[in-house]
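Containing mmCIF, C-alpha atoms: upload-v8.cif.
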data_structure
loop_
_atom_site.label_atom_id
_atom_site.label_comp_id
_atom_site.auth_asym_id
_atom_site.auth_seq_id
_atom_site.Cartn_x
_atom_site.Cartn_y
_atom_site.Cartn_z
CA ARG A 1 98.24 105.76 83.45
CA CYS A 2 98.21 108.59 85.97
CA LEU A 3 98.32 108.61 89.76
CA SER A 4 96.01 111.23 91.24
CA ASP A 5 98.63 112.95 93.39
CA TRP A 6 101.24 113.26 90.63
CA SER A 7 101.80 116.22 88.35
CA SER A 8 100.64 116.16 84.72
CA ASP A 9 104.19 115.65 83.39
CA VAL A 10 104.43 112.37 85.29
CA CYS A 11 101.09 111.32 83.78
CA SER A 12 102.75 111.34 80.36
CA SER A 13 105.31 108.80 81.53
CA ASP A 14 105.62 105.03 81.43
CA LEU A 15 105.06 103.59 84.90
CA ILE A 16 106.12 100.38 86.61
CA GLN A 17 104.46 99.54 89.92
CA ILE A 18 105.92 97.00 92.34
CA THR A 19 103.97 95.98 95.45
CA ASP A 20 104.81 93.59 98.24
CA LYS A 21 103.07 92.46 101.41
CA GLY A 22 106.26 92.59 103.46
CA ILE A 23 107.21 94.27 106.72
CA GLY A 24 106.59 97.80 105.44
CA MET A 25 108.27 100.98 106.64
CA ASP A 26 107.33 103.96 108.76
CA GLN A 27 107.89 107.62 107.82
CA LYS A 28 111.33 107.74 109.48
CA ASP A 29 112.51 104.85 107.35
CA LEU A 30 111.02 106.32 104.18
CA GLU A 31 113.14 109.44 104.68
CA ASN A 32 116.30 107.29 104.53
CA ILE A 33 115.61 104.48 102.06
CA PHE A 34 117.54 106.05 99.17
CA LYS A 35 120.70 106.47 101.24
CA PRO A 36 123.34 103.86 100.31
CA PHE A 37 123.52 100.94 102.78
CA TYR A 38 120.45 102.06 104.74
CA ARG A 39 118.39 99.19 106.17
CA ASN A 40 115.72 99.57 108.82
CA SER A 41 116.04 97.52 111.98
CA LEU A 42 113.26 95.11 110.97
CA ALA A 43 114.96 94.35 107.65
CA LEU A 44 118.26 93.31 109.21
CA LYS A 45 117.10 89.70 109.59
CA TYR A 46 116.64 89.44 105.79
CA PRO A 47 119.44 89.26 103.21
CA GLY A 48 120.43 92.46 101.44
CA SER A 49 122.99 95.23 101.36
CA GLY A 50 120.82 98.35 101.41
CA LEU A 51 122.02 99.41 97.96
CA GLY A 52 119.08 98.44 95.73
CA LEU A 53 116.90 101.53 96.13
CA SER A 54 119.90 103.89 96.04
CA ILE A 55 121.04 102.42 92.74
CA THR A 56 117.50 102.39 91.34
CA GLU A 57 116.96 106.04 92.22
CA ASN A 58 120.25 107.05 90.58
CA ILE A 59 119.40 105.17 87.37
CA LEU A 60 115.99 106.86 87.23
CA ILE A 61 117.52 110.30 87.80
CA GLN A 62 119.98 109.73 84.93
CA HIS A 63 116.99 108.99 82.68
CA GLN A 64 114.82 111.91 83.90
CA GLY A 65 112.60 109.52 85.83
CA ILE A 66 111.38 109.47 89.40
CA ILE A 67 110.49 106.92 92.03
CA LYS A 68 107.61 107.20 94.48
CA VAL A 69 107.17 105.02 97.56
CA ASP A 70 104.14 104.31 99.72
CA SER A 71 104.58 102.03 102.72
CA ARG A 72 102.90 101.13 105.98
CA PRO A 73 104.46 99.06 108.75
CA GLY A 74 103.05 95.55 108.78
CA GLU A 75 101.16 96.05 105.50
CA GLY A 76 103.82 96.25 102.79
CA THR A 77 105.29 98.67 100.29
CA THR A 78 104.47 99.97 96.83
CA LEU A 79 107.12 101.48 94.56
CA VAL A 80 106.16 103.34 91.39
CA LEU A 81 108.91 103.98 88.85
CA SER A 82 108.17 106.70 86.31
CA PHE A 83 110.17 106.84 83.09
CA SER A 84 109.85 109.91 80.89
CA THR A 85 108.41 109.25 77.45
CA ASP A 86 109.87 112.53 76.15
CA GLN A 87 112.60 111.50 73.73
CA THR A 88 113.90 115.06 73.14
CA SER A 89 116.27 115.17 76.11
#
Using structure tokens, write down the structure that the file contains.
Amino acid sequence: RCLSDWSSDVCSSDLIQITDKGIGMDQKDLENIFKPFYRNSLALKYPGSGLGLSITENILIQHQGIIKVDSRPGEGTTLVLSFSTDQTS
């Protein structure tokens, strides 16, 4: 599967897409979500430590993968995890 705004090397990857209908995030939050312990002000009323996306990104980097996020406040968030299918590295 290939997302239209991704490069051709990502199109040769295995993808996992996760979507929720939660509180969503604005652009300012998206710039910070991979920082350890970061939580936006709307998320503070929900349980969590702010480590999940930081850990996920680091695991993907170690495996030559990437993570892409699309989110809109009040509409939810979609995360796409791309794992390289190239077994030579």
message: the PyMOL selection byres ((chain A and resi 24) around 12) - which residues does that actually catch in the file I just gave you? List them as a PyMOL selection string.
response: chain A and resi 19-23+25-30+33+39-43+69-79
Would you put the residues from that selection into a file with C-alpha atoms, as an mmCIF file, in the coordinates of the input?
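The resulting again-v1.cif:
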data_model
loop_
_atom_site.group_PDB
_atom_site.id
_atom_site.type_symbol
_atom_site.label_atom_id
_atom_site.label_comp_id
_atom_site.auth_asym_id
_atom_site.auth_seq_id
_atom_site.Cartn_x
_atom_site.Cartn_y
_atom_site.Cartn_z
ATOM 1 C CA THR A 19 103.970 95.980 95.450
ATOM 2 C CA ASP A 20 104.810 93.590 98.240
ATOM 3 C CA LYS A 21 103.070 92.460 101.410
ATOM 4 C CA GLY A 22 106.260 92.590 103.460
ATOM 5 C CA ILE A 23 107.210 94.270 106.720
ATOM 6 C CA MET A 25 108.270 100.980 106.640
ATOM 7 C CA ASP A 26 107.330 103.960 108.760
ATOM 8 C CA GLN A 27 107.890 107.620 107.820
ATOM 9 C CA LYS A 28 111.330 107.740 109.480
ATOM 10 C CA ASP A 29 112.510 104.850 107.350
ATOM 11 C CA LEU A 30 111.020 106.320 104.180
ATOM 12 C CA ILE A 33 115.610 104.480 102.060
ATOM 13 C CA ARG A 39 118.390 99.190 106.170
ATOM 14 C CA ASN A 40 115.720 99.570 108.820
ATOM 15 C CA SER A 41 116.040 97.520 111.980
ATOM 16 C CA LEU A 42 113.260 95.110 110.970
ATOM 17 C CA ALA A 43 114.960 94.350 107.650
ATOM 18 C CA VAL A 69 107.170 105.020 97.560
ATOM 19 C CA ASP A 70 104.140 104.310 99.720
ATOM 20 C CA SER A 71 104.580 102.030 102.720
ATOM 21 C CA ARG A 72 102.900 101.130 105.980
ATOM 22 C CA PRO A 73 104.460 99.060 108.750
ATOM 23 C CA GLY A 74 103.050 95.550 108.780
ATOM 24 C CA GLU A 75 101.160 96.050 105.500
ATOM 25 C CA GLY A 76 103.820 96.250 102.790
ATOM 26 C CA THR A 77 105.290 98.670 100.290
ATOM 27 C CA THR A 78 104.470 99.970 96.830
ATOM 28 C CA LEU A 79 107.120 101.480 94.560
#
message: Which residues are close to region 55-66 of chain A, i.e. within 8 Å by only C-alpha atoms, leaving aside same-chain residues fewer than 5 positions away? Reply as a PyMOL selection string.
response: chain A and resi 34+81-84
task: Could you tell me how far CA of Pro47 (chain A) lies from CA of Glu31 (chain A), in Å and to one decimal?
output: 21.2 Å
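Picture a line from CA of Lys68 (chain A) to CA of Ser54 (chain A); it runs 12.8 Å.
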- prompt: Just how far from CA of Asn32 (chain A) is CA of Leu51 (chain A), in Å to one decimal?
  reply: 11.7 Å
query: Could you list as a list in words every residue that has an atom within 9 Å of (103.6, 101.8, 83.4), using the file's coordinates and counting only C-alpha atoms?
result: Arg1, Ser13, Asp14, Leu15, Ile16, Gln17, Val80, Leu81, Ser82 and Phe83 of chain A
My structure is short of atoms at region 44-66 of chain A; please model N, CA, C and O atoms there, returning them as an mmCIF file, in the frame of the given file.
data_model
loop_
_atom_site.group_PDB
_atom_site.id
_atom_site.type_symbol
_atom_site.label_atom_id
_atom_site.label_comp_id
_atom_site.auth_asym_id
_atom_site.auth_seq_id
_atom_site.Cartn_x
_atom_site.Cartn_y
_atom_site.Cartn_z
ATOM 1 N N LEU A 44 116.931 93.872 108.992
ATOM 2 C CA LEU A 44 118.260 93.310 109.210
ATOM 3 C C LEU A 44 118.269 91.784 109.258
ATOM 4 O O LEU A 44 119.298 91.165 108.998
ATOM 5 N N LYS A 45 117.136 91.164 109.547
ATOM 6 C CA LYS A 45 117.100 89.700 109.590
ATOM 7 C C LYS A 45 116.919 89.080 108.207
ATOM 8 O O LYS A 45 116.928 87.873 108.059
ATOM 9 N N TYR A 46 116.774 89.908 107.171
ATOM 10 C CA TYR A 46 116.640 89.440 105.790
ATOM 11 C C TYR A 46 117.901 89.773 105.008
ATOM 12 O O TYR A 46 118.577 90.754 105.301
ATOM 13 N N PRO A 47 118.238 88.965 103.999
ATOM 14 C CA PRO A 47 119.440 89.260 103.210
ATOM 15 C C PRO A 47 119.296 90.580 102.445
ATOM 16 O O PRO A 47 118.201 90.980 102.078
ATOM 17 N N GLY A 48 120.410 91.220 102.219
ATOM 18 C CA GLY A 48 120.430 92.460 101.440
ATOM 19 C C GLY A 48 121.552 93.360 101.893
ATOM 20 O O GLY A 48 122.105 93.189 102.985
ATOM 21 N N SER A 49 121.888 94.317 101.056
ATOM 22 C CA SER A 49 122.990 95.230 101.360
ATOM 23 C C SER A 49 122.527 96.658 101.613
ATOM 24 O O SER A 49 123.306 97.484 102.058
ATOM 25 N N GLY A 50 121.287 96.982 101.271
ATOM 26 C CA GLY A 50 120.820 98.350 101.410
ATOM 27 C C GLY A 50 121.222 99.230 100.243
ATOM 28 O O GLY A 50 121.181 100.450 100.335
ATOM 29 N N LEU A 51 121.605 98.625 99.130
ATOM 30 C CA LEU A 51 122.020 99.410 97.960
ATOM 31 C C LEU A 51 120.971 99.467 96.855
ATOM 32 O O LEU A 51 121.010 100.346 96.006
ATOM 33 N N GLY A 52 120.020 98.563 96.840
ATOM 34 C CA GLY A 52 119.080 98.440 95.730
ATOM 35 C C GLY A 52 118.317 99.710 95.401
ATOM 36 O O GLY A 52 118.267 100.141 94.250
ATOM 37 N N LEU A 53 117.698 100.334 96.393
ATOM 38 C CA LEU A 53 116.900 101.530 96.130
ATOM 39 C C LEU A 53 117.783 102.738 95.790
ATOM 40 O O LEU A 53 117.394 103.583 94.978
ATOM 41 N N SER A 54 118.964 102.807 96.371
ATOM 42 C CA SER A 54 119.900 103.890 96.040
ATOM 43 C C SER A 54 120.313 103.808 94.578
ATOM 44 O O SER A 54 120.310 104.807 93.853
ATOM 45 N N ILE A 55 120.655 102.617 94.135
ATOM 46 C CA ILE A 55 121.040 102.420 92.740
ATOM 47 C C ILE A 55 119.858 102.694 91.811
ATOM 48 O O ILE A 55 120.000 103.374 90.788
ATOM 49 N N THR A 56 118.690 102.180 92.163
ATOM 50 C CA THR A 56 117.500 102.390 91.340
ATOM 51 C C THR A 56 117.186 103.866 91.185
ATOM 52 O O THR A 56 116.911 104.347 90.078
ATOM 53 N N GLU A 57 117.232 104.609 92.293
ATOM 54 C CA GLU A 57 116.960 106.040 92.220
ATOM 55 C C GLU A 57 117.957 106.747 91.308
ATOM 56 O O GLU A 57 117.582 107.590 90.490
ATOM 57 N N ASN A 58 119.225 106.404 91.412
ATOM 58 C CA ASN A 58 120.250 107.050 90.580
ATOM 59 C C ASN A 58 120.055 106.740 89.096
ATOM 60 O O ASN A 58 120.234 107.618 88.246
ATOM 61 N N ILE A 59 119.674 105.513 88.771
ATOM 62 C CA ILE A 59 119.400 105.170 87.370
ATOM 63 C C ILE A 59 118.223 105.993 86.860
ATOM 64 O O ILE A 59 118.272 106.555 85.754
ATOM 65 N N LEU A 60 117.159 106.084 87.650
ATOM 66 C CA LEU A 60 115.990 106.860 87.230
ATOM 67 C C LEU A 60 116.335 108.335 87.037
ATOM 68 O O LEU A 60 115.891 108.963 86.069
ATOM 69 N N ILE A 61 117.116 108.897 87.925
ATOM 70 C CA ILE A 61 117.520 110.300 87.800
ATOM 71 C C ILE A 61 118.288 110.523 86.503
ATOM 72 O O ILE A 61 118.062 111.509 85.791
ATOM 73 N N GLN A 62 119.191 109.602 86.171
ATOM 74 C CA GLN A 62 119.980 109.730 84.930
ATOM 75 C C GLN A 62 119.096 109.696 83.691
ATOM 76 O O GLN A 62 119.477 110.195 82.638
ATOM 77 N N HIS A 63 117.911 109.106 83.811
ATOM 78 C CA HIS A 63 116.990 108.990 82.680
ATOM 79 C C HIS A 63 115.757 109.883 82.843
ATOM 80 O O HIS A 63 114.709 109.619 82.258
ATOM 81 N N GLN A 64 115.892 110.948 83.646
ATOM 82 C CA GLN A 64 114.820 111.910 83.900
ATOM 83 C C GLN A 64 113.553 111.232 84.428
ATOM 84 O O GLN A 64 112.440 111.665 84.146
ATOM 85 N N GLY A 65 113.724 110.205 85.211
ATOM 86 C CA GLY A 65 112.600 109.520 85.830
ATOM 87 C C GLY A 65 112.548 109.808 87.313
ATOM 88 O O GLY A 65 113.419 110.476 87.864
ATOM 89 N N ILE A 66 111.513 109.312 87.953
ATOM 90 C CA ILE A 66 111.380 109.470 89.400
ATOM 91 C C ILE A 66 110.836 108.181 90.000
ATOM 92 O O ILE A 66 110.301 107.327 89.294
#
